[in-house]
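Q: This structure is in structure tokens; I'll ask about it shortly.
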Amino acid sequence: METTAVTFRLGHASDADWETLIASCLDQIGTVPFGANLGFLYVTDTLDEDFPLIAERLRKETGVDHWVGTIGFGVMVGGREYFDTPAIVAMIGVLDEDDFRVMPTIDTPGDPLPECIMDWVARKTPFLGIVHADPRNAYVSDILDSITDDTEAFLVGGLTASRGKQVQIAEEPTEGGVSGVLFSGDVGLTTGLSQGCSPVGEIHDVTRSEDNLLLELDGRPALDVFKEDIGEVLARKLERVGGYIHVALPVSGDDSGDYLVRNMIGIDPKNKILAIGDRISAGDRVMFVRRDGTSAMKDLNRMLTDIMSRSIGAPKAALYYSCVARGPNLFGPDSIELTAVQEALGADVPLVGFFANGEISKNRVYGYTGVLTLIG
């Protein structure tokens, strides 16, 4: 089946009030492509109160009916990152009207999608969904599972990151759960994941635990195993591991070495216990990983090479979601991460996204990762 030609254009602006920023974005977009019907919108959290007004103004001025997006601590466009300033990035494109559906918020695992969307799912068998999730909802992972069960779509995206309102756009302003857009298999889509950490030591069996506490690994006190893995220098000064050493949960049944990174949130030297940012059970497996810019950049380049080799032809547009702990916090202040992504794509490929409070790929919530999706 022939796919509809896809045309995308973008605009971005910073350091002004929201109305001035929108005017600048519209000037850059220029003449709206005939048939433009889908928009992606990301704003920094300094504009959280204005986000619904921004979305409505863009809808009115462009004539594009369908919008999805959310708020980030930072936003990105091309090879540029915006942090700690009012900023808007907006991208509009043309797709066949029957090749996508905007998905309203699902805030409870197992809640059904609207009947009109499920009818479309039965006809079109969606291949991929780009989703945004509310980090305040403790059941995001379960909601992603239920959406996948209903649609069989591969889900990618990110969690809203805001010091204020946690708003998403899915046609209308929304919050509290997971929303986004589903694409049919007739839209050419390619996606890739880049880890921001590298393993230290081996994978260990959890032999005793309690809630989020690691008590024993491989039948030994968890702290003893941890010290051995991180090495003598760090083991002597455990206060240095915060933000540098994390716990990773290997993905069961995955033979690619994939893992989910979780924060180390406490160490009890007396009882030799580790506290981590997730529930853990006896029989699970864990390993320890190190977060550093050199390893992260190496894996980013690996992912970019891989995704470009799998893309059929030059992409028409791209979306990138990166952990808020990456970007300038990991690679420095010169938009190094986004420059690498844009250079791999080519200067003419529109690229937008945001820095998230958790990244979504393969229907799972990750941390410290970068998730790239190509539309082509």
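Order determines the names: the first chain of the structure tokens is A, the second B, and so forth; residues in each chain are numbered 1 upward, and ligands are numbered 1 upward as they are shown.
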Would you mind listing what lies within 10 Å of Gly30 in chain A as a list in words, with only C-alpha atoms counted and same-chain residues fewer than 6 positions away left out?
A: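 So the residues in contact are Arg9, Leu10, Gly11, Ser24 and Thr62 of chain A.
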Q: Please, could you write that set of residues out with all heavy atoms as a JSON list (two decimals), in the first residue's frame?
A:
[["chain", "number", "residue", "atom", "x", "y", "z"],
["A", 9, "ARG", "N", 6.98, 20.83, 9.23],
["A", 9, "ARG", "CA", 7.66, 22.10, 9.44],
["A", 9, "ARG", "C", 7.61, 22.44, 10.92],
["A", 9, "ARG", "O", 6.69, 22.03, 11.64],
["A", 9, "ARG", "CB", 7.00, 23.21, 8.62],
["A", 9, "ARG", "CG", 7.14, 23.01, 7.12],
["A", 9, "ARG", "CD", 6.56, 24.17, 6.34],
["A", 9, "ARG", "NE", 6.59, 23.90, 4.91],
["A", 9, "ARG", "CZ", 6.04, 24.69, 4.00],
["A", 9, "ARG", "NH1", 5.42, 25.80, 4.37],
["A", 9, "ARG", "NH2", 6.11, 24.37, 2.72],
["A", 10, "LEU", "N", 8.60, 23.21, 11.37],
["A", 10, "LEU", "CA", 8.66, 23.53, 12.79],
["A", 10, "LEU", "C", 8.99, 24.99, 13.02],
["A", 10, "LEU", "O", 9.47, 25.70, 12.14],
["A", 10, "LEU", "CB", 9.68, 22.63, 13.51],
["A", 10, "LEU", "CG", 11.16, 22.69, 13.11],
["A", 10, "LEU", "CD1", 11.87, 23.90, 13.67],
["A", 10, "LEU", "CD2", 11.87, 21.41, 13.57],
["A", 11, "GLY", "N", 8.72, 25.42, 14.26],
["A", 11, "GLY", "CA", 9.09, 26.73, 14.73],
["A", 11, "GLY", "C", 9.51, 26.64, 16.18],
["A", 11, "GLY", "O", 9.06, 25.76, 16.91],
["A", 24, "SER", "N", 6.66, 34.23, 16.77],
["A", 24, "SER", "CA", 7.94, 33.85, 16.18],
["A", 24, "SER", "C", 7.88, 32.44, 15.59],
["A", 24, "SER", "O", 8.38, 32.19, 14.49],
["A", 24, "SER", "CB", 9.05, 33.94, 17.23],
["A", 24, "SER", "OG", 10.29, 33.56, 16.68],
["A", 62, "THR", "N", -2.89, 27.95, 12.83],
["A", 62, "THR", "CA", -2.39, 27.03, 11.80],
["A", 62, "THR", "C", -3.51, 26.28, 11.09],
["A", 62, "THR", "O", -3.32, 25.76, 9.99],
["A", 62, "THR", "CB", -1.44, 25.99, 12.40],
["A", 62, "THR", "OG1", -2.15, 25.18, 13.36],
["A", 62, "THR", "CG2", -0.24, 26.64, 13.06]]
Q: Could you name the residues that touch Ala36 in chain A at 6 Å or less, counting only C-alpha atoms, but leaving out those on the same chain fewer than 6 positions away, as a PyMOL selection string?
A: chain A and resi 64+93-94
Q: Would you output that residue set with all heavy atoms, as a PDB file, in the first residue's frame?
A:
ATOM      1  N   VAL A  64      -4.457  23.491  12.139  1.00  0.00           N
ATOM      2  CA  VAL A  64      -4.180  22.086  12.436  1.00  0.00           C
ATOM      3  C   VAL A  64      -5.057  21.663  13.616  1.00  0.00           C
ATOM      4  O   VAL A  64      -4.997  22.258  14.698  1.00  0.00           O
ATOM      5  CB  VAL A  64      -2.683  21.876  12.773  1.00  0.00           C
ATOM      6  CG1 VAL A  64      -2.428  20.444  13.235  1.00  0.00           C
ATOM      7  CG2 VAL A  64      -1.817  22.220  11.566  1.00  0.00           C
ATOM      8  N   GLY A  93       2.640  18.587  10.716  1.00  0.00           N
ATOM      9  CA  GLY A  93       2.885  17.716   9.576  1.00  0.00           C
ATOM     10  C   GLY A  93       1.611  17.254   8.919  1.00  0.00           C
ATOM     11  O   GLY A  93       0.499  17.472   9.424  1.00  0.00           O
ATOM     12  N   VAL A  94       1.791  16.618   7.776  1.00  0.00           N
ATOM     13  CA  VAL A  94       0.679  16.102   6.970  1.00  0.00           C
ATOM     14  C   VAL A  94       0.747  14.581   6.970  1.00  0.00           C
ATOM     15  O   VAL A  94       1.758  13.995   6.592  1.00  0.00           O
ATOM     16  CB  VAL A  94       0.758  16.616   5.515  1.00  0.00           C
ATOM     17  CG1 VAL A  94      -0.452  16.140   4.723  1.00  0.00           C
ATOM     18  CG2 VAL A  94       0.889  18.125   5.469  1.00  0.00           C
TER      19      VAL A  94
END
Q: Enumerate, in order of chain and increasing residue number, the residues of range 98-211 of chain A with an atom no farther than 9 Å from range 352-361 of chain A, each with its shortest atom pair and distance in Å to one decimal, counting only C-alpha atoms, as CSV.
A:
residue,atom,partner,partner_atom,distance
A:Ile130,CA,A:Ile360,CA,8.9
A:Val131,CA,A:Ile360,CA,8.0
A:His132,CA,A:Ile360,CA,8.5
A:Ala133,CA,A:Ile360,CA,8.9
A:Pro135,CA,A:Asn357,CA,7.1
A:Phe154,CA,A:Ser361,CA,7.7
A:Leu155,CA,A:Ser361,CA,5.9
A:Val156,CA,A:Ser361,CA,4.3
A:Gly157,CA,A:Ile360,CA,4.7
A:Gly158,CA,A:Glu359,CA,4.3
A:Leu159,CA,A:Asn357,CA,5.1
A:Thr160,CA,A:Ala356,CA,5.8
A:Ala161,CA,A:Asn357,CA,4.9
A:Ser162,CA,A:Asn357,CA,8.4
A:Thr191,CA,A:Ser361,CA,8.6
A:Gly192,CA,A:Ser361,CA,8.2
A:Leu193,CA,A:Ser361,CA,7.1
Q: Would you please extract all helix (DSSP H, G or I) residues from range 115-210 of chain A, as assigned by DSSP on the backbone, and give them as a list in words?
A: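 Everything in range 115-210 of chain A that counts as helix (DSSP H, G or I) is Glu115, Cys116, Ile117, Met118, Asp119, Trp120, Val121, Ala122, Arg123, Lys124, Val140, Ser141, Asp142, Ile143, Leu144, Asp145, Ser146, Ile147, Thr148, Asp149, Asp150 and Thr151 of chain A.
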Q: So which bits of range 51-184 of chain A end up strand (DSSP E or B) when you DSSP the backbone, as number ranges by chain?
A: A: 66-72, 74-77, 80-83, 87-93, 100-106, 126-133, 154-159, 168-170, 172-174, 178-184
Q: Applying 12 Å and only C-alpha atoms, which residues near Ile106 in chain A remain after dropping the ones on its own chain fewer than 6 positions away? List them as a VMD selection string.
A: chain A and resid 112 to 114 131 to 134 137 139 to 147 170 174 to 180
Q: Identify which of the residues A:Thr44, A:Gln195, A:Ser184, A:Thr190 lies closest to Val261 in chain A, counting only C-alpha atoms when measuring atom-to-atom distances.
A: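 Closest to Val261 in chain A, using only C-alpha atoms: A:Gln195.
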Q: Fewer than 5 positions away in the same chain doesn't count, so skip those; otherwise give me all residues within 10 Å of range 323-327 of chain A, counting only C-alpha atoms, as a ChimeraX atom specification.
A: /A:72-76,81-83,158-159,161,196,243,291-293,296,332-338,354-359,366-371
Q: Which residues are near Arg59 in chain A? Cut-off 12 Å, only C-alpha atoms, ignore same chain within fewer than 3 positions. Put them as a list in words.
A: Ile22, Leu26, Val32, Ala36, Asn37, Leu38, Gly39, Phe40, Leu41, Pro52, Leu53, Ile54, Ala55, Glu56, Thr62, Gly63, Val64, Asp65, His66, Trp67, Val68, Ala90, Met91, Ile92, Ile169, Glu171 and Glu172 of chain A
Q: With only C-alpha atoms as the atoms that count, which of A:Asp186, A:Asp268, A:Glu216, A:Asp299 lies nearest to Ser198 in chain A?
A: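 Closest candidate: A:Asp299.
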Q: Counting only C-alpha atoms, what is within 12 Å of Glu202 in chain A, bar same-chain residues fewer than 3 positions away, as a list in words?
A: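 The contact residues come out as Ser198, Pro199, Asp205, Leu217, Asp218, Val225, Phe226, Glu228, Asp229, Ile230, Val247, Ala248, Leu249, Pro250, Gly257, Arg285, Val286, Met287, Phe288 and Val289 of chain A.
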Q: I'd like a table as JSON lines: residues in range 14-126 of chain A with an atom no more than 8 Å from range 343-350 of chain A, each row giving the shortest atom pair and its distance in Å to one decimal, only C-alpha atoms counted, sorted by chain and rising residue number.
A:
{"residue": "A:Val77", "atom": "CA", "partner": "A:Pro350", "partner_atom": "CA", "distance": 7.8}
{"residue": "A:Gly78", "atom": "CA", "partner": "A:Pro350", "partner_atom": "CA", "distance": 6.5}
{"residue": "A:Gly79", "atom": "CA", "partner": "A:Glu343", "partner_atom": "CA", "distance": 7.9}
{"residue": "A:Met91", "atom": "CA", "partner": "A:Pro350", "partner_atom": "CA", "distance": 7.8}
Q: Export all heavy atoms of the chosen residues as a PDB file, in the first residue's frame?
A:
ATOM      1  N   VAL A  77      15.062  21.453  19.916  1.00  0.00           N
ATOM      2  CA  VAL A  77      14.712  21.611  18.510  1.00  0.00           C
ATOM      3  C   VAL A  77      16.010  21.631  17.717  1.00  0.00           C
ATOM      4  O   VAL A  77      16.982  22.281  18.115  1.00  0.00           O
ATOM      5  CB  VAL A  77      13.903  22.902  18.271  1.00  0.00           C
ATOM      6  CG1 VAL A  77      14.668  24.131  18.719  1.00  0.00           C
ATOM      7  CG2 VAL A  77      13.492  23.032  16.815  1.00  0.00           C
ATOM      8  N   GLY A  78      16.030  20.875  16.622  1.00  0.00           N
ATOM      9  CA  GLY A  78      17.253  20.804  15.844  1.00  0.00           C
ATOM     10  C   GLY A  78      18.419  20.405  16.722  1.00  0.00           C
ATOM     11  O   GLY A  78      18.352  19.451  17.482  1.00  0.00           O
ATOM     12  N   GLY A  79      19.502  21.152  16.668  1.00  0.00           N
ATOM     13  CA  GLY A  79      20.652  20.883  17.509  1.00  0.00           C
ATOM     14  C   GLY A  79      20.729  21.792  18.708  1.00  0.00           C
ATOM     15  O   GLY A  79      21.808  22.075  19.231  1.00  0.00           O
ATOM     16  N   MET A  91       5.891  21.559  15.998  1.00  0.00           N
ATOM     17  CA  MET A  91       6.079  20.943  14.683  1.00  0.00           C
ATOM     18  C   MET A  91       4.735  20.473  14.154  1.00  0.00           C
ATOM     19  O   MET A  91       3.963  19.846  14.878  1.00  0.00           O
ATOM     20  CB  MET A  91       7.052  19.751  14.781  1.00  0.00           C
ATOM     21  CG  MET A  91       7.334  19.085  13.431  1.00  0.00           C
ATOM     22  SD  MET A  91       8.704  17.882  13.531  1.00  0.00           S
ATOM     23  CE  MET A  91       7.946  16.560  14.496  1.00  0.00           C
TER      24      MET A  91
END
Q: For Pro173 in chain A, which of A:Ile312, A:Glu19, A:Phe51, A:Arg290 is the closest residue, counting only C-alpha atoms?
A: A:Phe51
Q: For each of A:Gly69, A:Lys298, A:Ala314, A:Lys362, take the minimum atom-to-atom distance to Pro104 in chain A, counting only C-alpha atoms, then give the residue where this is smallest.
A: A:Gly69
Q: Got a sec: who's within 10 Å of Lys165 in chain A, counting only C-alpha atoms, leaving out chain neighbours fewer than 6 positions off, as an NGL selection string?
A: :A and (45-51 or 71 or 175)
Q: Give me a file of those residues, with all heavy atoms, as an mmCIF file, in the first residue's frame.
A:
data_model
loop_
_atom_site.group_PDB
_atom_site.id
_atom_site.type_symbol
_atom_site.label_atom_id
_atom_site.label_comp_id
_atom_site.auth_asym_id
_atom_site.auth_seq_id
_atom_site.Cartn_x
_atom_site.Cartn_y
_atom_site.Cartn_z
ATOM 1 N N ASP A 45 8.797 24.465 31.522
ATOM 2 C CA ASP A 45 7.832 24.554 32.617
ATOM 3 C C ASP A 45 7.638 25.969 33.146
ATOM 4 O O ASP A 45 6.726 26.210 33.942
ATOM 5 C CB ASP A 45 8.181 23.582 33.746
ATOM 6 C CG ASP A 45 9.475 23.927 34.461
ATOM 7 O OD1 ASP A 45 10.294 24.665 33.898
ATOM 8 O OD2 ASP A 45 9.676 23.431 35.594
ATOM 9 N N THR A 46 8.443 26.920 32.691
ATOM 10 C CA THR A 46 8.154 28.313 33.034
ATOM 11 C C THR A 46 6.882 28.814 32.354
ATOM 12 O O THR A 46 6.351 29.861 32.732
ATOM 13 C CB THR A 46 9.341 29.216 32.641
ATOM 14 O OG1 THR A 46 9.636 29.023 31.266
ATOM 15 C CG2 THR A 46 10.566 28.898 33.474
ATOM 16 N N LEU A 47 6.398 28.057 31.359
ATOM 17 C CA LEU A 47 5.159 28.409 30.648
ATOM 18 C C LEU A 47 4.005 27.473 31.011
ATOM 19 O O LEU A 47 3.031 27.384 30.267
ATOM 20 C CB LEU A 47 5.392 28.364 29.136
ATOM 21 C CG LEU A 47 6.370 29.390 28.570
ATOM 22 C CD1 LEU A 47 6.686 29.084 27.110
ATOM 23 C CD2 LEU A 47 5.817 30.811 28.709
ATOM 24 N N ASP A 48 4.106 26.777 32.144
ATOM 25 C CA ASP A 48 3.105 25.766 32.476
ATOM 26 C C ASP A 48 1.695 26.346 32.572
ATOM 27 O O ASP A 48 0.730 25.729 32.121
ATOM 28 C CB ASP A 48 3.469 25.030 33.774
ATOM 29 C CG ASP A 48 3.475 25.950 34.987
ATOM 30 O OD1 ASP A 48 4.009 27.069 34.875
ATOM 31 O OD2 ASP A 48 2.946 25.548 36.042
ATOM 32 N N GLU A 49 1.558 27.541 33.113
ATOM 33 C CA GLU A 49 0.228 28.144 33.254
ATOM 34 C C GLU A 49 -0.367 28.512 31.892
ATOM 35 O O GLU A 49 -1.586 28.529 31.718
ATOM 36 C CB GLU A 49 0.318 29.400 34.130
ATOM 37 C CG GLU A 49 0.746 29.146 35.566
ATOM 38 C CD GLU A 49 -0.414 28.680 36.437
ATOM 39 O OE1 GLU A 49 -1.559 28.702 35.946
ATOM 40 O OE2 GLU A 49 -0.167 28.300 37.601
ATOM 41 N N ASP A 50 0.489 28.809 30.931
ATOM 42 C CA ASP A 50 0.035 29.275 29.618
ATOM 43 C C ASP A 50 -0.108 28.161 28.586
ATOM 44 O O ASP A 50 -0.545 28.424 27.458
ATOM 45 C CB ASP A 50 1.026 30.317 29.074
ATOM 46 C CG ASP A 50 1.206 31.493 30.013
ATOM 47 O OD1 ASP A 50 0.188 32.007 30.507
ATOM 48 O OD2 ASP A 50 2.361 31.875 30.264
ATOM 49 N N PHE A 51 0.269 26.948 28.946
ATOM 50 C CA PHE A 51 0.314 25.856 27.967
ATOM 51 C C PHE A 51 -1.006 25.657 27.231
ATOM 52 O O PHE A 51 -1.032 25.568 25.992
ATOM 53 C CB PHE A 51 0.761 24.574 28.677
ATOM 54 C CG PHE A 51 1.051 23.423 27.749
ATOM 55 C CD1 PHE A 51 1.707 23.610 26.539
ATOM 56 C CD2 PHE A 51 0.690 22.134 28.100
ATOM 57 C CE1 PHE A 51 1.994 22.547 25.690
ATOM 58 C CE2 PHE A 51 0.968 21.055 27.263
ATOM 59 C CZ PHE A 51 1.612 21.262 26.062
ATOM 60 N N ILE A 71 4.872 19.284 28.849
ATOM 61 C CA ILE A 71 5.803 20.245 29.437
ATOM 62 C C ILE A 71 7.081 19.525 29.847
ATOM 63 O O ILE A 71 7.034 18.399 30.352
ATOM 64 C CB ILE A 71 5.162 20.914 30.667
ATOM 65 C CG1 ILE A 71 3.862 21.633 30.281
ATOM 66 C CG2 ILE A 71 6.127 21.878 31.335
ATOM 67 C CD1 ILE A 71 3.049 22.089 31.478
ATOM 68 N N GLU A 175 -4.517 15.827 31.999
ATOM 69 C CA GLU A 175 -3.488 15.447 32.946
ATOM 70 C C GLU A 175 -3.934 14.198 33.696
ATOM 71 O O GLU A 175 -5.067 13.739 33.547
ATOM 72 C CB GLU A 175 -3.198 16.580 33.938
ATOM 73 C CG GLU A 175 -4.385 16.997 34.779
ATOM 74 C CD GLU A 175 -4.031 18.159 35.713
ATOM 75 O OE1 GLU A 175 -3.323 17.908 36.714
ATOM 76 O OE2 GLU A 175 -4.445 19.298 35.435
#
Q: In terms of the shortest atom-to-atom distance over only C-alpha atoms, which of A:Val181, A:Met118, A:Ala16, A:Ile29 is closest to Pro86 in chain A?
A: A:Ala16
